[in-house]
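Colleague: Please read through the structure below; I'll follow up with questions.
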Amino acid sequence: MAEIENTFMVEKFCPICEKTFRVMKVRSRIPVSKRDEDGCTHYAGFNPYYYSIWVCEHCGFAADEDTFTTKIPDRHLTILKAVLLTKNIKVPFVEERTLENASTAYRLALKYLDLIHGKASKKAKYAHRLAWIYREADDNAQEEEFLRKAVESYEEALMREKFPIGELTDNAFIYIVAAIYWRLGERQKATTYLSRLISDQGVREREPRIHDKARDLWGDMRAAKKAIRN
C-alpha cells in the first residue's frame with residue numbers, strides 16, 4: 001500500500017525500441033527515518049531506490065531517468081539496439097516492485113553499461129544503490145558483493161573522470177569510498193582515504209560539510225577500535 005501512496009504512473013519514450021512504456025515515479029516528499037554514513041537514506045515504510053531504474057517493458061532496456069531523457073550517443077545506440085532488438089528481452093511492467101523486480105532492473109542496467117563501456121561513476125551509482133536495496137532486505141552477502149563493485153568503480157572514477165560529476169566533487173567521492181570501506185570492515189583503507197580529507201586545508205575551507213563528515217566518521221572508527229581493545 002505504501003508503494004501506491006508514494007508512486008504514480010507516467011508514460012515515457014524508449015530510445016532503443018522507440019515505443020512508449022510505463023514507469024512508476026516516486027513522489028517527492030517521503031519521511032526519512034535515518035541516514036547511513038555511506039549516503040543510504042532509509043524511509044518510513046517505503047524504499048524509493050526500488051524505482052530509481054526505469055525498464056522498458058517492450059525491449060528490456062534499463063537505466064536511470066537521466067539516461068532515458070537525454071540523448072544517448074549514436075555509437076551506444078548502435079550497440080544497445082544490436083543486442084536488445086534481436087534478443088526479444090521483455091520485462092513485465094509492475095506497479096509495485098518487489099526486491100526481485102528491483103534487483104533485476106539494476107542488474108540489467110549494469111549489464112548494459114558494461115556493453116557500452118559506460119562511465120565508472122555511473123556503474124558505481126547503480127551498484128551502490130543495489131547494495132542499499134539488499135541492506136534493507138538484510139541480505140548481507142549480496143550487499144557486500146555490490147558494495148565491493150561500487151567501491152571499485154568509485155575508485156576508477158576518481159582516477160579517470162573529470163569532476164564534478166553531477167553535484168559531487170572528487171572529495172565527495174573520496175568520502176564515499178572511505179565510508180564503504182568502513183562498512184566492509186577494511187579500516188586501513190578507510191583511514192587512508194579519510195586522512196586525505198581531514199589533512200587537506202582546502203577541503204576544510206571549500207567543502208566544510210565533507211570535512212565534518214570525514215571527521216565524524218574518523219571519530220566513529222576510533223571509538224570502534226577503542227571498544228574492541230577494551
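By convention in this document, the chains of the C-alpha cells carry letters A, B, ... by their order, each chain's residues are numbered from 1, and ligands are numbered from 1 in the order they are shown.
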So which residues touch Glu65 in chain A within 12 Å, counting only C-alpha atoms, skipping near sequence neighbours fewer than 6 positions away, as a list in words?

Modeller: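 My reading of the contact set: Lys12, Phe13, Cys14, Val23, Met24, Lys25, Val26, Tyr51, Ser52, Ile53, Trp54, Val55, Cys56, Lys71 and Ala109 of chain A.
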
Colleague: Please save N, CA and C atoms of the selected residues as an mmCIF file, in the first residue's frame.

Modeller:
data_model
loop_
_atom_site.group_PDB
_atom_site.id
_atom_site.type_symbol
_atom_site.label_atom_id
_atom_site.label_comp_id
_atom_site.auth_asym_id
_atom_site.auth_seq_id
_atom_site.Cartn_x
_atom_site.Cartn_y
_atom_site.Cartn_z
ATOM 1 N N LYS A 12 6.630 7.033 -20.882
ATOM 2 C CA LYS A 12 7.866 7.622 -21.397
ATOM 3 C C LYS A 12 8.244 6.975 -22.717
ATOM 4 N N PHE A 13 9.169 7.610 -23.427
ATOM 5 C CA PHE A 13 9.621 7.117 -24.737
ATOM 6 C C PHE A 13 10.930 6.364 -24.576
ATOM 7 N N CYS A 14 11.019 5.186 -25.169
ATOM 8 C CA CYS A 14 12.246 4.388 -25.119
ATOM 9 C C CYS A 14 13.117 4.713 -26.329
ATOM 10 N N VAL A 23 6.193 3.671 -16.565
ATOM 11 C CA VAL A 23 7.172 3.719 -15.478
ATOM 12 C C VAL A 23 6.503 4.303 -14.236
ATOM 13 N N MET A 24 6.889 3.805 -13.080
ATOM 14 C CA MET A 24 6.391 4.335 -11.820
ATOM 15 C C MET A 24 7.395 5.343 -11.277
ATOM 16 N N LYS A 25 6.938 6.562 -11.061
ATOM 17 C CA LYS A 25 7.797 7.596 -10.490
ATOM 18 C C LYS A 25 7.451 7.795 -9.020
ATOM 19 N N VAL A 26 8.442 8.248 -8.268
ATOM 20 C CA VAL A 26 8.284 8.422 -6.821
ATOM 21 C C VAL A 26 7.912 9.857 -6.510
ATOM 22 N N TYR A 51 12.675 2.100 -7.361
ATOM 23 C CA TYR A 51 12.122 2.681 -8.591
ATOM 24 C C TYR A 51 13.102 3.610 -9.311
ATOM 25 N N SER A 52 14.365 3.625 -8.880
ATOM 26 C CA SER A 52 15.346 4.534 -9.487
ATOM 27 C C SER A 52 15.731 4.135 -10.903
ATOM 28 N N ILE A 53 15.610 2.855 -11.211
ATOM 29 C CA ILE A 53 15.940 2.380 -12.554
ATOM 30 C C ILE A 53 14.663 2.134 -13.343
ATOM 31 N N TRP A 54 14.560 2.775 -14.504
ATOM 32 C CA TRP A 54 13.432 2.558 -15.394
ATOM 33 C C TRP A 54 13.735 1.372 -16.304
ATOM 34 N N VAL A 55 12.707 0.607 -16.630
ATOM 35 C CA VAL A 55 12.875 -0.537 -17.534
ATOM 36 C C VAL A 55 11.786 -0.492 -18.602
ATOM 37 N N CYS A 56 12.207 -0.533 -19.850
ATOM 38 C CA CYS A 56 11.224 -0.575 -20.939
ATOM 39 C C CYS A 56 10.613 -1.968 -20.984
ATOM 40 N N LYS A 71 20.023 12.629 -24.720
ATOM 41 C CA LYS A 71 20.410 11.938 -25.961
ATOM 42 C C LYS A 71 21.520 10.934 -25.691
ATOM 43 N N ALA A 109 20.590 -2.826 -15.876
ATOM 44 C CA ALA A 109 21.223 -1.528 -16.118
ATOM 45 C C ALA A 109 22.750 -1.650 -16.075
#

Colleague: Could you give me, as a PyMOL selection string, the residues within 8 Å of Glu37 in chain A, counting only C-alpha atoms and dropping anything in the same chain fewer than 3 positions from it?

Modeller: chain A and resi 40+179+217

Colleague: Let's have the selection written as a compact mmCIF listing (two decimals), in the first residue's frame, with N, CA and C atoms.

Modeller:
# COMPACT_ATOMS: atom_id res chain seq x y z
N CYS A 40 23.23 6.12 2.25
CA CYS A 40 21.95 5.41 2.14
C CYS A 40 20.92 6.05 3.05
N ALA A 179 33.74 5.63 3.40
CA ALA A 179 32.57 5.11 4.13
C ALA A 179 32.25 3.67 3.74
N LEU A 217 33.24 10.42 10.83
CA LEU A 217 33.50 9.01 10.55
C LEU A 217 34.81 8.57 11.17

Colleague: Using DSSP secondary structure from the backbone, list all strand (DSSP E) positions within range 17-227 of chain A, as a ChimeraX atom specification.

Modeller: /A:20-26,32-35,41-43,53-55,62-64

Colleague: Give me the residues within 10 Å of Arg160 in chain A as a list in words, counting only C-alpha atoms and dropping any in the same chain fewer than 6 places off.

Modeller: Lys119, Ala120, Ser121 and Tyr154 of chain A

Colleague: Extract, using only C-alpha atoms, all DNA, RNA and protein residues at most 12 Å from Tyr112 in chain A, discarding same-chain residues fewer than 4 positions from it, and format them as a VMD selection string.

Modeller: chain A and resid 16 55 60 to 64 67 76 to 77 79 to 84 105 to 108 116 to 119 122 to 123 126

Colleague: Keeping only N, CA and C atoms, write the selected residues to a file as a compact mmCIF listing (two decimals), in the first residue's frame.

Modeller:
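Dumped everything to out.txt:
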# COMPACT_ATOMS: atom_id res chain seq x y z
N ILE A 16 15.57 3.07 -27.44
CA ILE A 16 16.08 1.86 -28.08
C ILE A 16 15.04 1.28 -29.05
N VAL A 55 12.71 0.61 -16.63
CA VAL A 55 12.88 -0.54 -17.53
C VAL A 55 11.79 -0.49 -18.60
N GLY A 60 13.31 -4.21 -22.85
CA GLY A 60 14.12 -4.57 -21.70
C GLY A 60 15.25 -3.61 -21.38
N PHE A 61 15.32 -2.47 -22.09
CA PHE A 61 16.38 -1.51 -21.77
C PHE A 61 16.15 -0.95 -20.38
N ALA A 62 17.23 -0.87 -19.59
CA ALA A 62 17.15 -0.40 -18.22
C ALA A 62 18.24 0.63 -17.94
N ALA A 63 17.84 1.73 -17.31
CA ALA A 63 18.79 2.79 -16.97
C ALA A 63 18.09 3.77 -16.04
N ASP A 64 18.83 4.76 -15.57
CA ASP A 64 18.20 5.78 -14.72
C ASP A 64 17.47 6.81 -15.59
N THR A 67 19.42 8.93 -18.20
CA THR A 67 19.81 8.24 -19.43
C THR A 67 18.66 8.20 -20.42
N HIS A 76 26.56 4.27 -28.89
CA HIS A 76 25.96 3.46 -27.84
C HIS A 76 24.61 2.90 -28.29
N LEU A 77 23.85 3.71 -29.00
CA LEU A 77 22.56 3.25 -29.51
C LEU A 77 22.76 2.05 -30.44
N ILE A 79 25.13 -0.20 -30.44
CA ILE A 79 25.46 -1.39 -29.66
C ILE A 79 24.23 -1.93 -28.94
N LEU A 80 23.49 -1.05 -28.28
CA LEU A 80 22.33 -1.47 -27.50
C LEU A 80 21.22 -2.03 -28.38
N LYS A 81 20.98 -1.39 -29.51
CA LYS A 81 19.93 -1.88 -30.41
C LYS A 81 20.30 -3.24 -30.99
N ALA A 82 21.58 -3.44 -31.28
CA ALA A 82 22.02 -4.71 -31.84
C ALA A 82 21.74 -5.86 -30.88
N VAL A 83 21.80 -5.56 -29.59
CA VAL A 83 21.54 -6.60 -28.58
C VAL A 83 20.06 -6.69 -28.26
N LEU A 84 19.47 -5.58 -27.90
CA LEU A 84 18.11 -5.59 -27.37
C LEU A 84 17.04 -5.88 -28.43
N ALA A 105 16.12 -4.97 -12.31
CA ALA A 105 16.27 -3.70 -13.01
C ALA A 105 17.71 -3.19 -12.91
N TYR A 106 18.28 -3.22 -11.72
CA TYR A 106 19.66 -2.75 -11.53
C TYR A 106 20.66 -3.63 -12.25
N ARG A 107 20.47 -4.93 -12.19
CA ARG A 107 21.39 -5.85 -12.85
C ARG A 107 21.37 -5.66 -14.36
N LEU A 108 20.18 -5.44 -14.92
CA LEU A 108 20.10 -5.15 -16.35
C LEU A 108 20.82 -3.85 -16.68
N ILE A 116 28.38 -0.99 -23.29
CA ILE A 116 28.82 0.25 -23.95
C ILE A 116 30.08 0.83 -23.31
N HIS A 117 30.66 0.08 -22.36
CA HIS A 117 31.83 0.57 -21.61
C HIS A 117 31.51 1.93 -20.99
N GLY A 118 30.40 1.94 -20.26
CA GLY A 118 29.92 3.18 -19.65
C GLY A 118 30.84 3.69 -18.55
N LYS A 119 30.55 4.89 -18.10
CA LYS A 119 31.40 5.54 -17.10
C LYS A 119 31.39 4.77 -15.78
N LYS A 122 28.89 6.01 -13.13
CA LYS A 122 27.51 5.53 -13.28
C LYS A 122 27.39 4.09 -12.77
N LYS A 123 28.38 3.26 -13.08
CA LYS A 123 28.39 1.90 -12.56
C LYS A 123 28.41 1.91 -11.03
N TYR A 126 24.90 2.77 -9.64
CA TYR A 126 23.95 1.67 -9.73
C TYR A 126 24.28 0.57 -8.72

Colleague: Assign secondary structure with DSSP using the backbone only, and return the residues of range 19-214 of chain A in helix (DSSP H, G or I) as a PyMOL selection string.

Modeller: chain A and resi 48-51+65-69+74-87+99-115+120-136+140-160+170-183+187-198+201-206+208-214

Colleague: Could you please determine the separation between CA of Leu85 in chain A and CA of Lys19 in chain A in Å, to one decimal place?

Modeller: 11.9 Å

Colleague: Can you work out which one of A:Lys111, A:Gly202, A:Thr69, A:Asp38 has the shortest atom-to-atom distance to Phe173 in chain A, counting only C-alpha atoms?

Modeller: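 Smallest separation from Phe173 in chain A among the options: A:Asp38.
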
Colleague: As an exercise, work out the distance from CA of Ile72 in chain A to CA of Phe146 in chain A in Å and give it to one decimal place.

Modeller: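 Calculated distance between CA of Ile72 in chain A and CA of Phe146 in chain A is 25.8 Å.
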
Colleague: I'd like the contact shell of range 29-33 of chain A - 12 Å cut-off, only C-alpha atoms, skipping same-chain residues fewer than 3 positions apart - returned as a list in words.

Modeller: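 Residues near the query, excluding close chain neighbours: Ala2, Glu3, Glu5, Asn6, Thr7, Val26, Asp36, Cys40, Thr41, His42, Tyr43, Ala44, Gly45, Phe46, Asn47 and Pro48 of chain A.
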
Colleague: Save out the residues we just selected, C-alpha atoms, as a PDB file, in the first residue's frame.

Modeller:
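As written to disk, out_16.pdb reads:
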ATOM      1  CA  ALA A   2       2.889   2.361   0.761  1.00  0.00           C
ATOM      2  CA  GLU A   3       4.128   1.962  -2.819  1.00  0.00           C
ATOM      3  CA  GLU A   5       0.689   6.107  -1.951  1.00  0.00           C
ATOM      4  CA  ASN A   6       4.233   7.163  -2.832  1.00  0.00           C
ATOM      5  CA  THR A   7       4.332   6.458  -6.576  1.00  0.00           C
ATOM      6  CA  VAL A  26       8.284   8.422  -6.821  1.00  0.00           C
ATOM      7  CA  ASP A  36      23.841   5.758   6.930  1.00  0.00           C
ATOM      8  CA  CYS A  40      21.953   5.407   2.145  1.00  0.00           C
ATOM      9  CA  THR A  41      18.724   7.087   3.227  1.00  0.00           C
ATOM     10  CA  HIS A  42      16.102   4.978   4.968  1.00  0.00           C
ATOM     11  CA  TYR A  43      12.470   5.991   4.550  1.00  0.00           C
ATOM     12  CA  ALA A  44       9.472   5.157   6.675  1.00  0.00           C
ATOM     13  CA  GLY A  45       7.712   2.112   5.210  1.00  0.00           C
ATOM     14  CA  PHE A  46       8.893   2.670   1.631  1.00  0.00           C
ATOM     15  CA  ASN A  47      12.062   2.281  -0.418  1.00  0.00           C
ATOM     16  CA  PRO A  48      12.294   4.710  -3.362  1.00  0.00           C
TER      17      PRO A  48
END

Colleague: Using only C-alpha atoms, which residue out of A:Arg183, A:Tyr193, A:Asp138, A:Arg204 lies closest to Asp220 in chain A?

Modeller: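 Among the listed residues, the smallest separation from Asp220 in chain A belongs to A:Arg183.
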
Colleague: Which is closest to Glu145 in chain A among A:Leu110, A:Ile174, A:Leu158, A:Leu184, if we use only C-alpha atoms?

Modeller: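 Among the listed residues, the smallest separation from Glu145 in chain A belongs to A:Leu184.
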
Colleague: Which residues, written as a PyMOL selection string, have at least one atom at most 7 Å from Ala127 in chain A, with only C-alpha atoms counted and residues fewer than 2 positions away on the same chain left out?

Modeller: chain A and resi 123-125+129-131+146-147+149-150

Colleague: Any chance you could export the current selection's N, CA and C atoms as a compact mmCIF listing (two decimals), in the first residue's frame?

Modeller:
# COMPACT_ATOMS: atom_id res chain seq x y z
N LYS A 123 28.38 3.26 -13.08
CA LYS A 123 28.39 1.90 -12.56
C LYS A 123 28.41 1.91 -11.03
N ALA A 124 29.21 2.81 -10.47
CA ALA A 124 29.30 2.91 -9.01
C ALA A 124 27.95 3.28 -8.41
N LYS A 125 27.27 4.22 -9.03
CA LYS A 125 25.96 4.66 -8.54
C LYS A 125 24.96 3.51 -8.53
N ARG A 129 23.51 1.66 -5.08
CA ARG A 129 22.09 1.65 -4.74
C ARG A 129 21.52 0.24 -4.66
N LEU A 130 22.03 -0.66 -5.47
CA LEU A 130 21.60 -2.04 -5.36
C LEU A 130 22.06 -2.62 -4.02
N ALA A 131 23.24 -2.25 -3.57
CA ALA A 131 23.71 -2.67 -2.25
C ALA A 131 22.78 -2.15 -1.16
N PHE A 146 27.86 -6.06 -3.82
CA PHE A 146 27.66 -4.85 -4.62
C PHE A 146 28.33 -3.62 -4.01
N LEU A 147 28.59 -3.63 -2.71
CA LEU A 147 29.43 -2.57 -2.15
C LEU A 147 30.84 -2.66 -2.73
N LYS A 149 31.67 -3.95 -5.66
CA LYS A 149 31.60 -3.50 -7.05
C LYS A 149 31.53 -1.97 -7.11
N ALA A 150 30.76 -1.39 -6.19
CA ALA A 150 30.61 0.07 -6.17
C ALA A 150 31.92 0.75 -5.84

Colleague: Go through A:Ile89, A:Leu115, A:Tyr49, A:Thr192 one by one, measure the shortest atom-to-atom distance of each to Asn101 in chain A using only C-alpha atoms, and give the residue with the smallest value.

Modeller: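 With only C-alpha atoms as the atom set, the closest residue is A:Tyr49.
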
Colleague: Tell me which of A:Asp212, A:Phe68, A:Glu143, A:Glu156 sits closest to Asp170 in chain A, counting only C-alpha atoms.

Modeller: A:Glu156

Colleague: Rounded to one decimal, what separation in Å do you get between CA of Asp66 in chain A and CA of Gln142 in chain A?

Modeller: 26.1 Å
